Each structure stands twice: as C-alpha cells, then as structure tokens.
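Asker: The structure that follows is given in the form of structure tokens.
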Amino acid sequence: MAKLNNNYLKLKAGYLFPEIGRRVKSFSDNNPENAENLIKCGIGDVTEPLPLAARNAMKSAVDELGNHDTFRGYGPEQGYDFLRTAIANGDYRDNGILVKDDEIFVSDGSKCDTGNILDIFGNGNKIAITDPVYPVYVDTNVMAGNTGEANESGAYEGIHYMPCNAENGFVPEIPQDRVDLIYLCYPNNPTGATATREQLEKWVSYAREHGAVILYDAAYQAFIQDQSVPRSIYEIDGARECAIEFRSFSKNGGFTGVRCAFTVVPKELMAEDENGEKHSLHPLWSRRQSTKFNSVSYPVQKAAEALYSDDGKNQVKSLITHYMENAQKLRSTCSEIGLSVYGGQNAPYVWVACPDSIDSWGMFDKMLNEANVVITPGAGFGKAGEGFFRISAFNSKSNVDTVCERLKATL
C-alpha cells in the first residue's frame with residue numbers, strides 16, 4: 001500500500017479559517033432568518049472592486065491573447081520582465097532600496113511562497129515563530145517534518161515560539177539561543193502591530209551573527225501610515241545578507257481572487273550545506289520555481305504592472321484609505337465600549353482584548369449568535385492569542401458602520 005506523509009497526521013484538527021467557515025455555515029443553516037444579515041469581518045478578504053487601471057490592463061492583455069500576432073503561451077517561470085522591473089523600481093529603487101530585477105520572483109500568492117520557501121531549506125533547522133502567528137507558517141513546517149508532535153496547548157515540539165503581547169508591543173524579544181529560520185510579519189497579521197527600525201536592526205544583527213535567515217512577510221506594508229515605520233526589511237543595512245521578503249498584491253490591489261505576489265531573494269543571501277559549504281539561495285529558489293511553478297498568467301501580470309502607473313497608484317491609495325478609515329472606526333468603537341485595542345493604525349486589522357470571563361472562541365460564538373458578525377478568535381493564531389479577537393477592516397463602509405453599532409449593542 002502507498003505510504004502517506006506522516007507529518008500531516010500531526011496537524012491539528014482543522015486549519016483556522018475552514019473551522020470558522022464550518023461554524024458560520026452551521027449558524028446559517030440553523031438560523032436562515034439571520035443569515036442574510038451576517039457580516040463577515042473574520043478572514044482578511046477584500047471587498048472593494050479591482051482598480052480600473054488593473055481591469056483595463058487585464059482586458060487589453062486578454063485581447064492580445066485573442067490575436068495570432070500577439071498571442072503568448074508559457075511565460076518565464078520567474079515572471080515577465082515588465083513586471084519584475086516595475087516592482088524593483090516602484091517598490092524598491094524609487095525608495096532608495098537596492099533590489100535587482102532578477103531578484104524578484106513573481107508568484108500567485110505570499111501564502112504559497114511562505115510555505116513553498118521551505119523546499120530550499122534542509123531538515124534540522126531550528127525554527128523561530130512569533131506567537132500569535134499566521135497559521136500557515138506553523139502548519140507548513142509541520143508538513144515539512146520540521147517539528148515533533150503538538151502538546152495539549154497546540155504548541156509543536158521543535159519550534160521556538162516567541163511570545164508577542166501588549167507588554168512587548170507584539171514584537172518578540174531576540175532569542176537567547178541560536179535559531180536558523182526566523183518568521184517575522186510586519187505590519188503584523190493578526191495583531192496589526194509594526195516593528196520599528198531599531199527593532200528590525202536588532203533582528204538583522206542577530207541573523208547575521210548567527211547565520212540565520214529572516215523570512216519577512218511584508219504583505220501589508222502598503223497600509224503603513226507612519227512614515228518612520230520601515231516598509232521593507234531591506235531598508236536595514238545588512239538585510240540583503242540575511243533576509244527573504246514576501247509581498248503581495250492581494251490586499252493593496254484587491255487581488256485576493258486574481259492572485260499575484262512576489263518574493264525577493266538577494267543574490268548575496270547564503271545558507272550552508274551538510275558539509276558547511278555556503279551556497280547562494282537565489283539560484284536554488286529560481287530552480288525550485290522553474291521546476292514546480294509556471295508563474296502567473298500574462299493578463300494578471302499586466303494587471304499587476306498597471307498598479308504602478310500613475311492612475312494605478314492613485315486607485316490603490318484610494319483603496320488603502322477606504323480600509324484604513326474602516327479600521328479607525330472599529331478601533332474607536334472598541335475603545336469607546338471599554339475594550340483594550342491594538343493595531344488598526346498601520347494595518348487593516350484591529351486586535352482586541354476579550355471582555356473579562358470570555359475566551360476567544362467564546363467571543364467568536366457570542367458575536368456570531370448575538371451580533372451576526374464574524375470575527376476571528378485569537379486562539380486560532382496560537383496560545384498567546386488566547387484572550388484576544390481580530391476584526392478585519394476589509395469591508396464596505398456601510399457594513400463597518402453596522403458592525404460598530406452591533407458591537408456597542410452586544411458588548
């Protein structure tokens with residue numbers, strides 16, 4: 001009989017968001033009269049239409065594919081040059097940050113890349129992950145065999161958990177021991193926190209000293225309002241020698257259903273083989289993508305390129321303003337009703353402490369059943385997330401106004 005990957009059997013019963021979906025479906029099936037009034041502020045999915053610049057570029061690209069003279073088949077696995085150049089210029093070089101065109105690898109999502117990146121790292125690495133954390137980081141390491149079993153609290157043997165809480169501003173302390181792979185996400189999902197330049201400088205210094213690699217998820221960088229907050233790990237001197245950066249068009253460009261993102265792998269970033277010899281990770285990731293991935297469709301890449309046009313930039317700015325205004329309303333409302341509130345200032349997520357005597361899944365059920373609002377329980381992001389819940393600002397203005405009214409009535 002065929003043998004399965006036993007590591008999958010270590011995974012907890014359900015990935016967070018499918019479990020939320022299951023509970024919401026059960027509620028809707030049992031309460032059809034309330035299902036139409038349900039407002040979802042749980043999963044971080046966008047709600048507003050695609051920017052016009054992206055739509056027009058996509059339509060033109062489809063027309064090109066309908067013409068014999070301009071038809072295209074397979075594209076470059078690493079992404080078309082026109083998009084790689086637009087990214088390198090628009091996100092990096094125009095801001096004084098050195099990133100070369102061929103260090104950009106276009107993909108169909110940061111979620112995929114943060115999981116797939118493990119393909120180029122060997123077994124035996126000590127993994128450091130923040131807690132609370134985006135579940136994909138943990139689960140993909142379990143799948144890859146980098147952990148032992150989970151204990152009763154859900155923590156996996158072999159992972160170095162870095163608690164993030166209100167006391168440390170949801171930015172973890174530097175480990176006392178050596179770790180090899182470090183997952184950092186700022187602006188953070190789920191807490192909405194940001195890391196200062198000084199804090200990132202300490203992480204880069206640690207990584208360079210210990211030969212560690214920082215896996216830096218910057219999917220929400222476009223939402224940063226405070227100009228003193230770094231948008232890229234590569235703003236920090238020495239980061240090119242120790243960090244891989246992941247970015248996405250999902251949230252700033254509304255591409256959650258369109259699918260386009262990219263990963264930056266600097267050529268000077270090294271890791272050791274089993275004999276202690278150093279190798280550049282850049283050609284390894286390029287080979288991985290060439291072998292397992294055919295990149296993103298031409299119309300989608302043209303749509304992503306259009307976001308860097310003047311019209312595209314203005315339309316993206318409007319989307320960000322829309323969602324951040326929603327975040328401010330949610331922050332203010334939770335504060336008004338006496339809850340401790342974090343995030344929502346440089347990120348589209350509001351991280352809220354549960355009322356006394358209610359745990360995070362209890363808060364989820366209370367909001368679902370009494371307010372007909374879907375939030376995300378903090379416990380789904382890790383042990384340190386217990387006692388909190390996340391509200392997503394990705395919604396219409398009218399829905400957010402209604403959510404604020406229901407929060408006040410329920411709590």
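Here's how to read the names in the structure tokens: chain A, B, ... by the order shown, residue numbers from 1 in each chain, ligand numbers from 1 in the order shown.
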When you look at segment 220-235 of chain A with a cut-off of 8 Å (counting only C-alpha atoms), what residues show up, excluding the ones that are within fewer than 3 positions of it in the same chain? I need them as a PyMOL selection string.
Answerer: chain A and resi 97-98+186-188+194-197+200+216+238-240+243+245+247-248+251-252+320+324+345-348
Asker: Residues as selected, N, CA and C atoms, written as a PDB file, in the first residue's frame, can you do that?
Answerer:
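For reference, selection18.pdb as written:
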```pdb
ATOM      1  N   ILE A  97      16.148  51.773  -2.179  1.00  0.00           N
ATOM      2  CA  ILE A  97      16.454  50.426  -1.690  1.00  0.00           C
ATOM      3  C   ILE A  97      16.985  49.590  -2.855  1.00  0.00           C
ATOM      4  N   LEU A  98      18.117  48.966  -2.649  1.00  0.00           N
ATOM      5  CA  LEU A  98      18.722  48.157  -3.706  1.00  0.00           C
ATOM      6  C   LEU A  98      18.039  46.804  -3.809  1.00  0.00           C
ATOM      7  N   TYR A 186       5.490  42.037   9.478  1.00  0.00           N
ATOM      8  CA  TYR A 186       5.185  43.416   9.894  1.00  0.00           C
ATOM      9  C   TYR A 186       4.906  44.285   8.673  1.00  0.00           C
ATOM     10  N   PRO A 187       3.777  45.055   8.725  1.00  0.00           N
ATOM     11  CA  PRO A 187       2.749  45.075   9.745  1.00  0.00           C
ATOM     12  C   PRO A 187       2.193  43.673   9.978  1.00  0.00           C
ATOM     13  N   ASN A 188       1.852  43.410  11.236  1.00  0.00           N
ATOM     14  CA  ASN A 188       1.611  42.034  11.640  1.00  0.00           C
ATOM     15  C   ASN A 188       0.177  41.572  11.401  1.00  0.00           C
ATOM     16  N   THR A 194       3.385  47.029  14.345  1.00  0.00           N
ATOM     17  CA  THR A 194       4.515  47.284  13.456  1.00  0.00           C
ATOM     18  C   THR A 194       5.814  47.198  14.246  1.00  0.00           C
ATOM     19  N   ALA A 195       6.903  46.947  13.524  1.00  0.00           N
ATOM     20  CA  ALA A 195       8.233  46.909  14.138  1.00  0.00           C
ATOM     21  C   ALA A 195       8.972  48.185  13.774  1.00  0.00           C
ATOM     22  N   THR A 196       9.656  48.766  14.742  1.00  0.00           N
ATOM     23  CA  THR A 196      10.419  49.982  14.491  1.00  0.00           C
ATOM     24  C   THR A 196      11.720  49.650  13.760  1.00  0.00           C
ATOM     25  N   ARG A 197      12.346  50.685  13.234  1.00  0.00           N
ATOM     26  CA  ARG A 197      13.635  50.498  12.571  1.00  0.00           C
ATOM     27  C   ARG A 197      14.661  49.921  13.546  1.00  0.00           C
ATOM     28  N   LEU A 200      14.071  46.176  14.038  1.00  0.00           N
ATOM     29  CA  LEU A 200      14.490  45.382  12.884  1.00  0.00           C
ATOM     30  C   LEU A 200      16.010  45.353  12.760  1.00  0.00           C
ATOM     31  N   TYR A 216      10.688  37.335   5.937  1.00  0.00           N
ATOM     32  CA  TYR A 216       9.996  38.579   6.302  1.00  0.00           C
ATOM     33  C   TYR A 216       8.758  38.774   5.435  1.00  0.00           C
ATOM     34  N   GLY A 238      22.515  45.528   5.844  1.00  0.00           N
ATOM     35  CA  GLY A 238      22.891  44.146   6.073  1.00  0.00           C
ATOM     36  C   GLY A 238      21.777  43.143   5.847  1.00  0.00           C
ATOM     37  N   ALA A 239      20.543  43.620   5.612  1.00  0.00           N
ATOM     38  CA  ALA A 239      19.415  42.696   5.465  1.00  0.00           C
ATOM     39  C   ALA A 239      19.520  41.852   4.203  1.00  0.00           C
ATOM     40  N   ARG A 240      20.192  42.364   3.184  1.00  0.00           N
ATOM     41  CA  ARG A 240      20.337  41.578   1.954  1.00  0.00           C
ATOM     42  C   ARG A 240      21.147  40.306   2.195  1.00  0.00           C
ATOM     43  N   ALA A 243      18.010  38.050   4.697  1.00  0.00           N
ATOM     44  CA  ALA A 243      16.548  38.088   4.686  1.00  0.00           C
ATOM     45  C   ALA A 243      15.956  37.836   3.301  1.00  0.00           C
ATOM     46  N   GLU A 245      12.195  38.504   1.479  1.00  0.00           N
ATOM     47  CA  GLU A 245      10.979  39.293   1.701  1.00  0.00           C
ATOM     48  C   GLU A 245       9.851  38.817   0.801  1.00  0.00           C
ATOM     49  N   ARG A 247       5.948  39.713  -0.579  1.00  0.00           N
ATOM     50  CA  ARG A 247       4.943  40.759  -0.743  1.00  0.00           C
ATOM     51  C   ARG A 247       3.817  40.271  -1.640  1.00  0.00           C
ATOM     52  N   SER A 248       2.690  40.982  -1.574  1.00  0.00           N
ATOM     53  CA  SER A 248       1.501  40.541  -2.290  1.00  0.00           C
ATOM     54  C   SER A 248       0.720  41.730  -2.827  1.00  0.00           C
ATOM     55  N   LYS A 251      -4.002  42.541  -1.029  1.00  0.00           N
ATOM     56  CA  LYS A 251      -4.734  43.476  -0.184  1.00  0.00           C
ATOM     57  C   LYS A 251      -4.681  44.906  -0.714  1.00  0.00           C
ATOM     58  N   ASN A 252      -3.504  45.375  -1.141  1.00  0.00           N
ATOM     59  CA  ASN A 252      -3.424  46.758  -1.611  1.00  0.00           C
ATOM     60  C   ASN A 252      -4.066  46.919  -2.985  1.00  0.00           C
ATOM     61  N   ILE A 320      -6.611  51.836  -0.033  1.00  0.00           N
ATOM     62  CA  ILE A 320      -5.973  51.809   1.279  1.00  0.00           C
ATOM     63  C   ILE A 320      -6.652  52.789   2.227  1.00  0.00           C
ATOM     64  N   MET A 324      -8.410  51.756   5.732  1.00  0.00           N
ATOM     65  CA  MET A 324      -7.850  52.302   6.965  1.00  0.00           C
ATOM     66  C   MET A 324      -8.849  53.199   7.696  1.00  0.00           C
ATOM     67  N   GLN A 345      -3.860  50.974  13.036  1.00  0.00           N
ATOM     68  CA  GLN A 345      -3.291  52.283  12.720  1.00  0.00           C
ATOM     69  C   GLN A 345      -2.340  52.232  11.535  1.00  0.00           C
ATOM     70  N   ASN A 346      -1.633  51.128  11.383  1.00  0.00           N
ATOM     71  CA  ASN A 346      -0.737  50.931  10.241  1.00  0.00           C
ATOM     72  C   ASN A 346      -1.018  49.595   9.553  1.00  0.00           C
ATOM     73  N   ALA A 347      -2.164  49.029   9.852  1.00  0.00           N
ATOM     74  CA  ALA A 347      -2.550  47.736   9.299  1.00  0.00           C
ATOM     75  C   ALA A 347      -4.071  47.640   9.295  1.00  0.00           C
ATOM     76  N   PRO A 348      -4.643  46.830   8.424  1.00  0.00           N
ATOM     77  CA  PRO A 348      -6.101  46.732   8.311  1.00  0.00           C
ATOM     78  C   PRO A 348      -6.746  45.781   9.307  1.00  0.00           C
TER      79      PRO A 348
END
```
Asker: Excluding Gly90 of chain A and any residue of its chain fewer than 3 positions from it, enumerate the residues within 10 Å of it, using only C-alpha atoms, and give them as an mmCIF file with C-alpha atoms, in the first residue's frame.
Answerer:
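Final output, result-v2.cif:
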```cif
data_model
loop_
_atom_site.group_PDB
_atom_site.id
_atom_site.type_symbol
_atom_site.label_atom_id
_atom_site.label_comp_id
_atom_site.auth_asym_id
_atom_site.auth_seq_id
_atom_site.Cartn_x
_atom_site.Cartn_y
_atom_site.Cartn_z
ATOM 1 C CA ARG A 84 9.811 42.436 -12.357
ATOM 2 C CA THR A 85 11.191 45.804 -13.454
ATOM 3 C CA ALA A 86 8.050 47.651 -12.344
ATOM 4 C CA ILE A 87 8.277 46.035 -8.909
ATOM 5 C CA ARG A 93 14.758 51.549 -6.167
ATOM 6 C CA ASP A 94 12.460 54.589 -6.283
ATOM 7 C CA ASN A 95 12.641 54.499 -2.478
ATOM 8 C CA GLU A 305 2.090 46.138 -13.665
ATOM 9 C CA LEU A 307 -0.865 49.251 -10.377
ATOM 10 C CA TYR A 308 2.482 51.053 -10.728
ATOM 11 C CA SER A 309 1.104 53.530 -13.279
ATOM 12 C CA LYS A 313 -1.085 54.296 -7.724
#
```
Asker: Using the chain letters and numbers from this document, which residues of segment 91-340 of chain A does DSSP assign to strand (DSSP E or B), as a PyMOL selection string?
Answerer: chain A and resi 104-107+127-131+150+156+159-163+181-185+213-217+243-248+261-264+270-272+278-280
Asker: With C-alpha atoms retained, write the just-selected residues as a compact mmCIF listing (two decimals), in the first residue's frame.
Answerer:
```txt
# COMPACT_ATOMS: atom_id res chain seq x y z
CA ILE A 104 12.15 39.43 -7.95
CA PHE A 105 10.18 36.17 -8.33
CA VAL A 106 6.54 36.60 -9.31
CA SER A 107 4.08 34.13 -7.80
CA ILE A 127 12.54 27.40 13.52
CA ALA A 128 11.56 30.59 15.38
CA ILE A 129 7.95 31.71 15.01
CA THR A 130 6.04 34.50 16.71
CA ASP A 131 3.00 33.67 18.83
CA ALA A 150 1.80 19.10 19.32
CA TYR A 156 4.68 21.83 18.46
CA ILE A 159 9.53 25.15 17.22
CA HIS A 160 10.96 28.08 19.16
CA TYR A 161 7.87 30.13 19.98
CA MET A 162 8.38 33.86 20.53
CA PRO A 163 5.53 35.32 22.61
CA LEU A 181 14.94 30.39 10.35
CA ILE A 182 13.02 33.37 11.76
CA TYR A 183 9.47 34.22 10.68
CA LEU A 184 8.61 37.91 11.05
CA CYS A 185 5.48 39.62 9.69
CA VAL A 213 17.68 33.65 7.63
CA ILE A 214 14.76 36.01 8.29
CA LEU A 215 11.60 35.13 6.37
CA TYR A 216 10.00 38.58 6.30
CA ASP A 217 6.32 38.75 5.36
CA ALA A 243 16.55 38.09 4.69
CA ILE A 244 13.96 36.97 2.14
CA GLU A 245 10.98 39.29 1.70
CA PHE A 246 7.46 38.30 0.68
CA ARG A 247 4.94 40.76 -0.74
CA SER A 248 1.50 40.54 -2.29
CA ALA A 261 2.52 38.31 -5.41
CA PHE A 262 6.29 38.20 -5.37
CA THR A 263 9.28 37.13 -3.31
CA VAL A 264 12.65 38.87 -3.16
CA MET A 270 23.71 32.30 1.72
CA ALA A 271 23.00 29.08 3.58
CA GLU A 272 25.19 26.07 4.41
CA LYS A 278 27.98 28.12 1.72
CA HIS A 279 25.65 28.45 -1.27
CA SER A 280 23.55 31.32 -2.62
```
Asker: Counting only C-alpha atoms, which residue out of A:Val62, A:Ile358, A:Cys112, A:Ala384 sits closest to Phe293 of chain A?
Answerer: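 The closest residue to Phe293 of chain A is A:Cys112.
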Asker: Please identify all polymer residues within 12 Å of Glu19 of chain A, counting only C-alpha atoms, omitting same-chain residues fewer than 4 positions from it, and present them as a compact mmCIF listing (two decimals) with C-alpha atoms, in the first residue's frame.
Answerer:
```
# COMPACT_ATOMS: atom_id res chain seq x y z
CA LYS A 12 -4.43 19.91 14.48
CA ALA A 13 -7.99 19.02 13.56
CA GLY A 14 -8.66 21.97 11.28
CA TYR A 15 -6.96 24.97 9.75
CA ARG A 23 -19.20 27.31 12.28
CA VAL A 24 -20.60 30.07 10.08
CA LYS A 25 -22.26 27.50 7.80
CA SER A 26 -23.79 25.74 10.78
CA GLY A 42 -13.09 37.37 10.00
CA ILE A 43 -10.95 36.24 7.10
CA TRP A 361 -13.79 31.16 20.77
CA PHE A 364 -16.46 34.30 18.34
CA THR A 376 -11.50 35.75 14.21
CA PRO A 377 -10.70 34.17 17.60
CA GLY A 380 -6.63 30.29 16.29
```
Asker: What is the atom CA of Glu336 of chain A to atom CA of Cys404 of chain A distance in Å?
Answerer: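 According to the coordinates, atom CA of Glu336 of chain A and atom CA of Cys404 of chain A are separated by 10.4 Å.
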Asker: State, in Å with one decimal place, the distance from atom CA of Asp180 of chain A to atom CA of Val265 of chain A.
Answerer: 16.7 Å
Asker: Report the distance between atom CA of Ser110 of chain A and atom CA of Gly79 of chain A in Å, rounded to one decimal place.
Answerer: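 Going from atom CA of Ser110 of chain A over to atom CA of Gly79 of chain A, I get 14.7 Å.
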